[in-house]
Structures are given as structure tokens and as C-alpha cells.
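Data block for protein-v9.txt (compact mmCIF, N, CA and C atoms):
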```
# COMPACT_ATOMS: atom_id res chain seq x y z
N MET A 12 -16.51 3.39 18.51
CA MET A 12 -16.07 2.71 17.31
C MET A 12 -15.43 1.37 17.67
N LEU A 13 -14.53 1.39 18.65
CA LEU A 13 -13.86 0.15 19.05
C LEU A 13 -14.87 -0.87 19.60
N GLN A 14 -15.76 -0.40 20.46
CA GLN A 14 -16.71 -1.32 21.08
C GLN A 14 -17.84 -1.71 20.14
N ASN A 15 -18.37 -0.76 19.38
CA ASN A 15 -19.55 -1.02 18.56
C ASN A 15 -19.24 -1.62 17.20
N PHE A 16 -18.07 -1.36 16.65
CA PHE A 16 -17.75 -1.86 15.31
C PHE A 16 -16.55 -2.81 15.32
N PHE A 17 -15.42 -2.33 15.84
CA PHE A 17 -14.19 -3.10 15.72
C PHE A 17 -14.25 -4.43 16.46
N THR A 18 -14.70 -4.41 17.72
CA THR A 18 -14.72 -5.65 18.52
C THR A 18 -15.59 -6.72 17.88
N PRO A 19 -16.82 -6.42 17.42
CA PRO A 19 -17.60 -7.46 16.74
C PRO A 19 -16.93 -7.96 15.45
N GLN A 20 -16.30 -7.08 14.69
CA GLN A 20 -15.61 -7.50 13.48
C GLN A 20 -14.40 -8.37 13.83
N LEU A 21 -13.69 -7.99 14.87
CA LEU A 21 -12.51 -8.73 15.30
C LEU A 21 -12.87 -10.15 15.72
N ALA A 22 -14.07 -10.33 16.26
CA ALA A 22 -14.51 -11.66 16.70
C ALA A 22 -14.57 -12.66 15.54
N ARG A 23 -14.63 -12.16 14.32
CA ARG A 23 -14.68 -13.03 13.14
C ARG A 23 -13.32 -13.64 12.81
N PHE A 24 -12.26 -13.14 13.44
CA PHE A 24 -10.90 -13.58 13.16
C PHE A 24 -10.30 -14.20 14.41
N SER A 25 -9.29 -15.01 14.23
CA SER A 25 -8.62 -15.58 15.40
C SER A 25 -7.45 -14.67 15.79
N VAL A 26 -7.59 -14.01 16.91
CA VAL A 26 -6.57 -13.10 17.41
C VAL A 26 -5.58 -13.92 18.22
N ASN A 27 -4.30 -13.65 18.02
CA ASN A 27 -3.28 -14.35 18.81
C ASN A 27 -2.29 -13.36 19.40
N GLU A 28 -1.39 -13.86 20.24
CA GLU A 28 -0.46 -13.00 20.97
C GLU A 28 0.59 -12.34 20.07
N ASN A 29 0.65 -12.71 18.79
CA ASN A 29 1.59 -12.07 17.87
C ASN A 29 0.98 -10.87 17.16
N MET A 30 -0.31 -10.66 17.32
CA MET A 30 -0.98 -9.56 16.63
C MET A 30 -0.85 -8.27 17.44
N LEU A 31 -0.60 -7.18 16.75
CA LEU A 31 -0.50 -5.86 17.36
C LEU A 31 -1.68 -5.01 16.92
N PHE A 32 -2.00 -4.01 17.72
CA PHE A 32 -3.00 -3.01 17.36
C PHE A 32 -2.25 -1.71 17.16
N GLN A 33 -2.36 -1.12 15.98
CA GLN A 33 -1.61 0.09 15.65
C GLN A 33 -2.58 1.23 15.39
N GLN A 34 -2.28 2.38 15.97
CA GLN A 34 -3.07 3.58 15.71
C GLN A 34 -2.16 4.80 15.73
N GLU A 35 -2.61 5.85 15.04
CA GLU A 35 -1.81 7.07 15.07
C GLU A 35 -2.19 7.88 16.29
N GLY A 36 -1.63 9.03 16.43
CA GLY A 36 -1.77 9.78 17.67
C GLY A 36 -2.92 10.76 17.74
N ALA A 37 -3.99 10.55 16.98
CA ALA A 37 -5.15 11.45 17.08
C ALA A 37 -5.64 11.48 18.52
N THR A 38 -6.03 12.65 18.99
CA THR A 38 -6.44 12.81 20.38
C THR A 38 -7.53 11.82 20.78
N SER A 39 -8.52 11.63 19.93
CA SER A 39 -9.61 10.71 20.27
C SER A 39 -9.11 9.27 20.36
N HIS A 40 -8.07 8.95 19.63
CA HIS A 40 -7.53 7.59 19.65
C HIS A 40 -6.65 7.33 20.87
N THR A 41 -6.09 8.38 21.43
CA THR A 41 -5.20 8.21 22.58
C THR A 41 -5.86 8.62 23.89
N ALA A 42 -7.15 8.95 23.85
CA ALA A 42 -7.88 9.26 25.08
C ALA A 42 -7.90 8.03 25.98
N ARG A 43 -7.99 8.26 27.27
CA ARG A 43 -7.94 7.15 28.24
C ARG A 43 -8.95 6.06 27.91
N MET A 44 -10.18 6.43 27.57
CA MET A 44 -11.22 5.44 27.27
C MET A 44 -10.83 4.60 26.04
N SER A 45 -10.30 5.24 25.01
CA SER A 45 -9.89 4.52 23.80
C SER A 45 -8.71 3.60 24.09
N MET A 46 -7.74 4.10 24.85
CA MET A 46 -6.56 3.29 25.16
C MET A 46 -6.95 2.09 26.03
N ASN A 47 -7.87 2.29 26.97
CA ASN A 47 -8.33 1.17 27.80
C ASN A 47 -8.99 0.10 26.96
N ALA A 48 -9.81 0.52 26.00
CA ALA A 48 -10.49 -0.44 25.12
C ALA A 48 -9.48 -1.19 24.25
N ALA A 49 -8.52 -0.47 23.69
CA ALA A 49 -7.50 -1.12 22.85
C ALA A 49 -6.64 -2.08 23.68
N ASN A 50 -6.26 -1.66 24.87
CA ASN A 50 -5.45 -2.52 25.74
C ASN A 50 -6.19 -3.77 26.19
N ALA A 51 -7.51 -3.66 26.36
CA ALA A 51 -8.30 -4.84 26.75
C ALA A 51 -8.30 -5.88 25.62
N LEU A 52 -8.31 -5.40 24.38
CA LEU A 52 -8.32 -6.31 23.23
C LEU A 52 -6.92 -6.84 22.91
N PHE A 53 -5.91 -5.99 23.08
CA PHE A 53 -4.53 -6.33 22.73
C PHE A 53 -3.60 -5.97 23.89
N PRO A 54 -3.64 -6.74 24.98
CA PRO A 54 -2.82 -6.40 26.15
C PRO A 54 -1.33 -6.38 25.81
N ASN A 55 -0.68 -5.28 26.16
CA ASN A 55 0.76 -5.09 25.93
C ASN A 55 1.15 -5.15 24.46
N ARG A 56 0.18 -4.92 23.56
CA ARG A 56 0.47 -5.00 22.12
C ARG A 56 -0.15 -3.84 21.36
N VAL A 57 -0.21 -2.66 21.98
CA VAL A 57 -0.79 -1.49 21.34
C VAL A 57 0.33 -0.56 20.90
N VAL A 58 0.42 -0.34 19.58
CA VAL A 58 1.39 0.59 19.02
C VAL A 58 0.68 1.93 18.91
N SER A 59 1.10 2.89 19.73
CA SER A 59 0.42 4.18 19.79
C SER A 59 1.32 5.17 20.51
N ARG A 60 1.02 6.42 20.34
CA ARG A 60 1.79 7.45 21.03
C ARG A 60 1.76 7.21 22.54
N ASN A 61 0.64 6.74 23.08
CA ASN A 61 0.52 6.47 24.52
C ASN A 61 0.40 4.97 24.79
N GLY A 62 0.83 4.14 23.86
CA GLY A 62 0.66 2.70 24.01
C GLY A 62 1.87 2.02 24.59
N ASP A 63 1.78 0.70 24.67
CA ASP A 63 2.87 -0.11 25.20
C ASP A 63 4.08 -0.09 24.28
N ILE A 64 3.82 0.00 22.99
CA ILE A 64 4.88 0.03 21.99
C ILE A 64 4.83 1.42 21.36
N PRO A 65 5.86 2.23 21.56
CA PRO A 65 5.79 3.62 21.08
C PRO A 65 5.72 3.73 19.56
N TRP A 66 4.94 4.68 19.11
CA TRP A 66 4.84 5.02 17.69
C TRP A 66 6.13 5.69 17.28
N PRO A 67 6.55 5.53 16.02
CA PRO A 67 7.80 6.19 15.59
C PRO A 67 7.72 7.70 15.81
N PRO A 68 8.86 8.35 16.00
CA PRO A 68 8.86 9.80 16.20
C PRO A 68 8.30 10.51 14.97
N PRO A 69 7.95 11.81 15.12
CA PRO A 69 7.34 12.55 14.01
C PRO A 69 8.13 12.42 12.73
N PRO A 70 7.48 12.38 11.58
CA PRO A 70 6.03 12.32 11.48
C PRO A 70 5.52 11.00 12.03
N ARG A 71 4.42 11.05 12.75
CA ARG A 71 3.94 9.85 13.45
C ARG A 71 3.50 8.74 12.51
N SER A 72 2.88 9.06 11.42
CA SER A 72 2.41 8.02 10.51
C SER A 72 3.42 7.79 9.40
N PRO A 73 3.93 6.56 9.27
CA PRO A 73 4.84 6.28 8.16
C PRO A 73 4.09 6.11 6.84
N ASP A 74 2.77 6.26 6.87
CA ASP A 74 1.94 6.17 5.67
C ASP A 74 2.15 4.87 4.91
N LEU A 75 2.32 3.80 5.62
CA LEU A 75 2.46 2.50 4.98
C LEU A 75 1.12 1.84 4.75
N THR A 76 0.17 2.07 5.63
CA THR A 76 -1.08 1.33 5.57
C THR A 76 -1.97 1.83 4.44
N PRO A 77 -2.73 0.93 3.84
CA PRO A 77 -3.64 1.33 2.76
C PRO A 77 -4.61 2.44 3.17
N CYS A 78 -5.05 2.45 4.42
CA CYS A 78 -5.96 3.52 4.84
C CYS A 78 -5.27 4.87 4.78
N ASP A 79 -4.01 4.93 5.22
CA ASP A 79 -3.30 6.20 5.22
C ASP A 79 -2.97 6.70 3.83
N TYR A 80 -2.49 5.81 2.97
CA TYR A 80 -2.04 6.32 1.67
C TYR A 80 -3.06 6.16 0.56
N PHE A 81 -4.19 5.53 0.84
CA PHE A 81 -5.17 5.38 -0.24
C PHE A 81 -6.60 5.71 0.18
N ILE A 82 -7.15 4.95 1.08
CA ILE A 82 -8.61 4.94 1.26
C ILE A 82 -9.18 6.28 1.71
N TRP A 83 -8.52 6.97 2.65
CA TRP A 83 -9.12 8.21 3.16
C TRP A 83 -9.21 9.27 2.07
N GLY A 84 -8.15 9.47 1.32
CA GLY A 84 -8.18 10.46 0.24
C GLY A 84 -9.13 10.07 -0.88
N TYR A 85 -9.11 8.79 -1.23
CA TYR A 85 -10.00 8.29 -2.28
C TYR A 85 -11.46 8.49 -1.89
N LEU A 86 -11.80 8.08 -0.67
CA LEU A 86 -13.20 8.22 -0.23
C LEU A 86 -13.61 9.68 -0.13
N LYS A 87 -12.73 10.52 0.36
CA LYS A 87 -13.07 11.94 0.48
C LYS A 87 -13.41 12.52 -0.90
N THR A 88 -12.60 12.18 -1.89
CA THR A 88 -12.85 12.66 -3.25
C THR A 88 -14.19 12.15 -3.78
N LYS A 89 -14.44 10.86 -3.62
CA LYS A 89 -15.67 10.25 -4.15
C LYS A 89 -16.92 10.73 -3.40
N VAL A 90 -16.85 10.74 -2.08
CA VAL A 90 -18.02 11.09 -1.26
C VAL A 90 -18.43 12.54 -1.50
N PHE A 91 -17.46 13.43 -1.68
CA PHE A 91 -17.78 14.84 -1.82
C PHE A 91 -17.87 15.31 -3.26
N GLU A 92 -17.98 14.35 -4.22
CA GLU A 92 -18.27 14.76 -5.60
C GLU A 92 -19.60 15.50 -5.64
N THR A 93 -20.53 15.02 -4.85
CA THR A 93 -21.78 15.74 -4.61
C THR A 93 -21.85 15.96 -3.12
N ARG A 94 -22.13 17.15 -2.71
CA ARG A 94 -22.07 17.52 -1.29
C ARG A 94 -23.21 16.87 -0.50
N PRO A 95 -22.87 16.00 0.46
CA PRO A 95 -23.92 15.42 1.31
C PRO A 95 -24.59 16.53 2.13
N ARG A 96 -25.90 16.45 2.27
CA ARG A 96 -26.65 17.51 2.95
C ARG A 96 -26.92 17.19 4.42
N THR A 97 -26.88 15.93 4.78
CA THR A 97 -27.16 15.53 6.16
C THR A 97 -26.12 14.50 6.60
N ILE A 98 -26.07 14.26 7.90
CA ILE A 98 -25.18 13.22 8.42
C ILE A 98 -25.59 11.86 7.86
N ALA A 99 -26.89 11.61 7.79
CA ALA A 99 -27.38 10.34 7.25
C ALA A 99 -26.94 10.19 5.79
N ASP A 100 -27.03 11.27 5.03
CA ASP A 100 -26.60 11.25 3.63
C ASP A 100 -25.10 10.99 3.53
N LEU A 101 -24.32 11.64 4.40
CA LEU A 101 -22.88 11.44 4.42
C LEU A 101 -22.55 9.97 4.72
N LYS A 102 -23.18 9.41 5.74
CA LYS A 102 -22.94 8.01 6.09
C LYS A 102 -23.29 7.08 4.92
N GLN A 103 -24.41 7.36 4.27
CA GLN A 103 -24.83 6.52 3.14
C GLN A 103 -23.84 6.63 1.98
N ARG A 104 -23.38 7.87 1.71
CA ARG A 104 -22.42 8.07 0.62
C ARG A 104 -21.12 7.31 0.91
N ILE A 105 -20.66 7.34 2.15
CA ILE A 105 -19.43 6.62 2.52
C ILE A 105 -19.65 5.12 2.29
N GLN A 106 -20.75 4.58 2.78
CA GLN A 106 -21.03 3.15 2.62
C GLN A 106 -21.11 2.78 1.14
N ASP A 107 -21.79 3.59 0.36
CA ASP A 107 -21.93 3.31 -1.07
C ASP A 107 -20.58 3.32 -1.78
N GLU A 108 -19.74 4.30 -1.46
CA GLU A 108 -18.45 4.41 -2.12
C GLU A 108 -17.49 3.30 -1.70
N VAL A 109 -17.54 2.89 -0.44
CA VAL A 109 -16.71 1.77 -0.01
C VAL A 109 -17.14 0.51 -0.76
N ALA A 110 -18.44 0.29 -0.88
CA ALA A 110 -18.95 -0.90 -1.58
C ALA A 110 -18.62 -0.87 -3.06
N ALA A 111 -18.43 0.31 -3.62
CA ALA A 111 -18.19 0.44 -5.06
C ALA A 111 -16.72 0.39 -5.45
N ILE A 112 -15.81 0.28 -4.49
CA ILE A 112 -14.39 0.21 -4.83
C ILE A 112 -14.15 -1.08 -5.62
N PRO A 113 -13.61 -0.97 -6.83
CA PRO A 113 -13.38 -2.17 -7.64
C PRO A 113 -12.35 -3.11 -7.01
N VAL A 114 -12.59 -4.40 -7.11
CA VAL A 114 -11.70 -5.40 -6.54
C VAL A 114 -10.29 -5.26 -7.10
N GLU A 115 -10.17 -5.00 -8.39
CA GLU A 115 -8.85 -4.85 -9.00
C GLU A 115 -8.09 -3.67 -8.40
N MET A 116 -8.79 -2.60 -8.08
CA MET A 116 -8.16 -1.45 -7.44
C MET A 116 -7.62 -1.86 -6.07
N LEU A 117 -8.38 -2.64 -5.33
CA LEU A 117 -7.93 -3.11 -4.02
C LEU A 117 -6.71 -4.01 -4.14
N ARG A 118 -6.68 -4.83 -5.19
CA ARG A 118 -5.50 -5.67 -5.42
C ARG A 118 -4.27 -4.80 -5.65
N GLU A 119 -4.41 -3.77 -6.46
CA GLU A 119 -3.30 -2.87 -6.74
C GLU A 119 -2.85 -2.14 -5.47
N VAL A 120 -3.81 -1.73 -4.66
CA VAL A 120 -3.49 -1.06 -3.39
C VAL A 120 -2.68 -2.00 -2.50
N MET A 121 -3.09 -3.25 -2.41
CA MET A 121 -2.38 -4.20 -1.56
C MET A 121 -1.00 -4.55 -2.13
N ASN A 122 -0.86 -4.58 -3.44
CA ASN A 122 0.47 -4.78 -4.04
C ASN A 122 1.38 -3.61 -3.71
N SER A 123 0.83 -2.40 -3.76
CA SER A 123 1.60 -1.22 -3.40
C SER A 123 1.98 -1.27 -1.92
N PHE A 124 1.06 -1.74 -1.08
CA PHE A 124 1.33 -1.89 0.35
C PHE A 124 2.53 -2.83 0.55
N ARG A 125 2.52 -3.94 -0.16
CA ARG A 125 3.63 -4.89 -0.07
C ARG A 125 4.94 -4.20 -0.49
N SER A 126 4.91 -3.43 -1.57
CA SER A 126 6.11 -2.72 -2.03
C SER A 126 6.61 -1.74 -0.98
N ARG A 127 5.68 -1.04 -0.33
CA ARG A 127 6.05 -0.09 0.71
C ARG A 127 6.72 -0.82 1.88
N LEU A 128 6.14 -1.94 2.28
CA LEU A 128 6.73 -2.71 3.38
C LEU A 128 8.12 -3.21 3.02
N GLU A 129 8.28 -3.72 1.80
CA GLU A 129 9.59 -4.21 1.36
C GLU A 129 10.62 -3.09 1.35
N GLU A 130 10.21 -1.91 0.89
CA GLU A 130 11.13 -0.77 0.87
C GLU A 130 11.49 -0.34 2.29
N CYS A 131 10.53 -0.39 3.18
CA CYS A 131 10.79 -0.06 4.58
C CYS A 131 11.81 -1.03 5.17
N VAL A 132 11.69 -2.32 4.86
CA VAL A 132 12.65 -3.32 5.33
C VAL A 132 14.03 -3.02 4.74
N ARG A 133 14.08 -2.70 3.44
CA ARG A 133 15.36 -2.38 2.80
C ARG A 133 16.03 -1.18 3.47
N ARG A 134 15.22 -0.26 3.98
CA ARG A 134 15.76 0.94 4.64
C ARG A 134 15.88 0.76 6.16
N ASN A 135 15.81 -0.47 6.61
CA ASN A 135 15.94 -0.78 8.04
C ASN A 135 14.92 -0.04 8.90
N GLY A 136 13.70 0.10 8.38
CA GLY A 136 12.61 0.68 9.15
C GLY A 136 12.53 2.19 9.13
N SER A 137 13.43 2.85 8.40
CA SER A 137 13.38 4.31 8.38
C SER A 137 12.21 4.78 7.51
N HIS A 138 11.87 6.05 7.64
CA HIS A 138 10.76 6.61 6.88
C HIS A 138 11.06 6.59 5.38
N LEU A 139 10.01 6.62 4.60
CA LEU A 139 10.12 6.52 3.15
C LEU A 139 10.02 7.88 2.47
N GLU A 140 10.50 8.88 3.14
CA GLU A 140 10.43 10.24 2.61
C GLU A 140 11.09 10.31 1.23
N GLY A 141 10.38 10.88 0.28
CA GLY A 141 10.92 11.04 -1.06
C GLY A 141 10.79 9.82 -1.94
N VAL A 142 10.22 8.76 -1.44
CA VAL A 142 10.05 7.54 -2.24
C VAL A 142 8.75 7.63 -3.01
N THR A 143 8.81 7.42 -4.30
CA THR A 143 7.62 7.42 -5.13
C THR A 143 7.31 5.99 -5.55
N PHE A 144 6.06 5.61 -5.40
CA PHE A 144 5.64 4.28 -5.77
C PHE A 144 4.84 4.34 -7.06
N LYS A 145 4.80 3.22 -7.78
CA LYS A 145 4.04 3.15 -9.02
C LYS A 145 2.58 3.43 -8.74
N THR A 146 1.94 4.08 -9.69
CA THR A 146 0.49 4.34 -9.53
C THR A 146 -0.28 3.40 -10.41
```
What does the file become when written as C-alpha cells?
Amino acid sequence: MLQNFFTPQLARFSVNENMLFQQEGATSHTARMSMNAANALFPNRVVSRNGDIPWPPPPRSPDLTPCDYFIWGYLKTKVFETRPRTIADLKQRIQDEVAAIPVEMLREVMNSFRSRLEECVRRNGSHLEGVTFKT
């Protein structure tokens, strides 16, 4: 994924020494091969359980990112409204549903992301347990 998808996509942007790469502690993400690939792209700037910058203590994900608090659950619901029968069908359903996300919904997601970040700053970086955001 990092080599075949992320690296080519990353080439479209200007990466600088202030950018960090953040990942949660999934075993496949912290495997030696994955960590080597991430470190090659972001030397000394990998936020991970086994990275240069340690991930916050459990729970590992502060659920601030749009992928954590929105996209994965949303896509799972949409993709499995009808059960994909093959891997190819599953991949196509994921691509179709990602393409069909309304722009206004993405704007709302990003506004919520900003609110989450602001609340995290107000709490001096502590977890947002028990915080409810507008839907």
C-alpha cells in the first residue's frame, strides 16, 4: 500500500521536514517492512507505536482523523448494503462509494475535524473521552 499507492500519491504534494506520518498500531502497519517504508519517506517523523515519535498511550487512536471517526464506518455501512460476492466486487463497491460521497458531507466532516482539533488543544492534548460533537 505504501509503495504502490501512497508514495505515488505523495509525489503530487510537496513534502517538507515539518510533515509527520501518523499511523495507529495495527500489526501490519508496525511490521518491519512497513516501518522501513514509512521511515524512508518521513525520516525521524513517524508517529507510531514503533516509530520515532511515540503514539499516545492506550487507547492508541485519539479518533481525531476523519478516517477514524467517519470514513471507515460510513464506507462499511454503504459497501455492505448489498453483500459483495467477490474481492473484485468489494473493491469496485469501495471505489464507487468513495466517489459518491457528497462534497457537502466532506465539508461537514472537515469542519468537525477542526472542532475536534480545537477541543484537543483546549484540553492540552488529552483524549476527548465523553465529548460529543455536532452531527
Contact check, region 42-130 of chain A to region 13-33 of chain A, at most 6 Å, counting only N, CA and C atoms, closest pairs as JSON lines:
```
{"residue": "A:Arg56", "atom": "C", "partner": "A:Phe32", "partner_atom": "N", "distance": 4.1}
{"residue": "A:Val57", "atom": "CA", "partner": "A:Phe32", "partner_atom": "C", "distance": 4.4}
{"residue": "A:Val58", "atom": "N", "partner": "A:Phe32", "partner_atom": "C", "distance": 3.9}
{"residue": "A:Ser59", "atom": "N", "partner": "A:Gln33", "partner_atom": "CA", "distance": 5.6}
```
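Of the residues under consideration (A:Leu128, A:Ile82, A:Ala51, A:Ala37), A:Ile82 shows the shortest atom-to-atom contact distance to Glu108 (chain A) when counting only C-alpha atoms.
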Selection: 8 Å around Ile105 (chain A), all atoms listed in the file, excl. self and same-chain fewer than 3 positions, as a list of chain:residue names: A:Leu86, A:Lys89, A:Val90, A:Phe91, A:Ala99, A:Asp100, A:Leu101, A:Lys102, A:Glu108, A:Val109, A:Ala110, A:Ala111
Per-residue DSSP, chain A, filtered to strand (DSSP E or B), as a VMD selection string: chain A and resid 32 to 33 57 to 59 64 to 65
Serialized region 91-124 of chain A w/ C-alpha atoms as a PDB file, in the first residue's frame:
```pdb
ATOM      1  CA  PHE A  91     -22.240  -3.786   2.684  1.00  0.00           C
ATOM      2  CA  GLU A  92     -25.783  -2.562   1.970  1.00  0.00           C
ATOM      3  CA  THR A  93     -25.590  -5.276  -0.661  1.00  0.00           C
ATOM      4  CA  ARG A  94     -23.162  -8.062   0.100  1.00  0.00           C
ATOM      5  CA  PRO A  95     -20.207  -8.104  -2.325  1.00  0.00           C
ATOM      6  CA  ARG A  96     -19.712 -11.612  -3.709  1.00  0.00           C
ATOM      7  CA  THR A  97     -16.090 -11.373  -4.843  1.00  0.00           C
ATOM      8  CA  ILE A  98     -12.963  -9.421  -3.978  1.00  0.00           C
ATOM      9  CA  ALA A  99     -13.280  -7.595  -7.299  1.00  0.00           C
ATOM     10  CA  ASP A 100     -16.882  -6.692  -6.437  1.00  0.00           C
ATOM     11  CA  LEU A 101     -15.797  -5.493  -2.979  1.00  0.00           C
ATOM     12  CA  LYS A 102     -13.051  -3.307  -4.467  1.00  0.00           C
ATOM     13  CA  GLN A 103     -15.473  -1.848  -7.009  1.00  0.00           C
ATOM     14  CA  ARG A 104     -18.100  -1.152  -4.329  1.00  0.00           C
ATOM     15  CA  ILE A 105     -15.500   0.670  -2.199  1.00  0.00           C
ATOM     16  CA  GLN A 106     -14.363   2.780  -5.165  1.00  0.00           C
ATOM     17  CA  ASP A 107     -17.944   3.587  -6.144  1.00  0.00           C
ATOM     18  CA  GLU A 108     -18.929   4.598  -2.611  1.00  0.00           C
ATOM     19  CA  VAL A 109     -15.844   6.766  -2.116  1.00  0.00           C
ATOM     20  CA  ALA A 110     -16.609   8.543  -5.411  1.00  0.00           C
ATOM     21  CA  ALA A 111     -20.235   9.038  -4.357  1.00  0.00           C
ATOM     22  CA  ILE A 112     -19.525  10.819  -1.054  1.00  0.00           C
ATOM     23  CA  PRO A 113     -21.192  14.236  -1.410  1.00  0.00           C
ATOM     24  CA  VAL A 114     -18.847  17.230  -1.290  1.00  0.00           C
ATOM     25  CA  GLU A 115     -21.019  18.926   1.334  1.00  0.00           C
ATOM     26  CA  MET A 116     -20.692  15.871   3.584  1.00  0.00           C
ATOM     27  CA  LEU A 117     -16.898  16.092   3.265  1.00  0.00           C
ATOM     28  CA  ARG A 118     -17.033  19.777   4.187  1.00  0.00           C
ATOM     29  CA  GLU A 119     -19.007  18.920   7.325  1.00  0.00           C
ATOM     30  CA  VAL A 120     -16.551  16.142   8.178  1.00  0.00           C
ATOM     31  CA  MET A 121     -13.620  18.543   7.876  1.00  0.00           C
ATOM     32  CA  ASN A 122     -15.416  21.174   9.993  1.00  0.00           C
ATOM     33  CA  SER A 123     -15.943  18.513  12.642  1.00  0.00           C
ATOM     34  CA  PHE A 124     -12.253  17.591  12.348  1.00  0.00           C
TER      35      PHE A 124
END
```
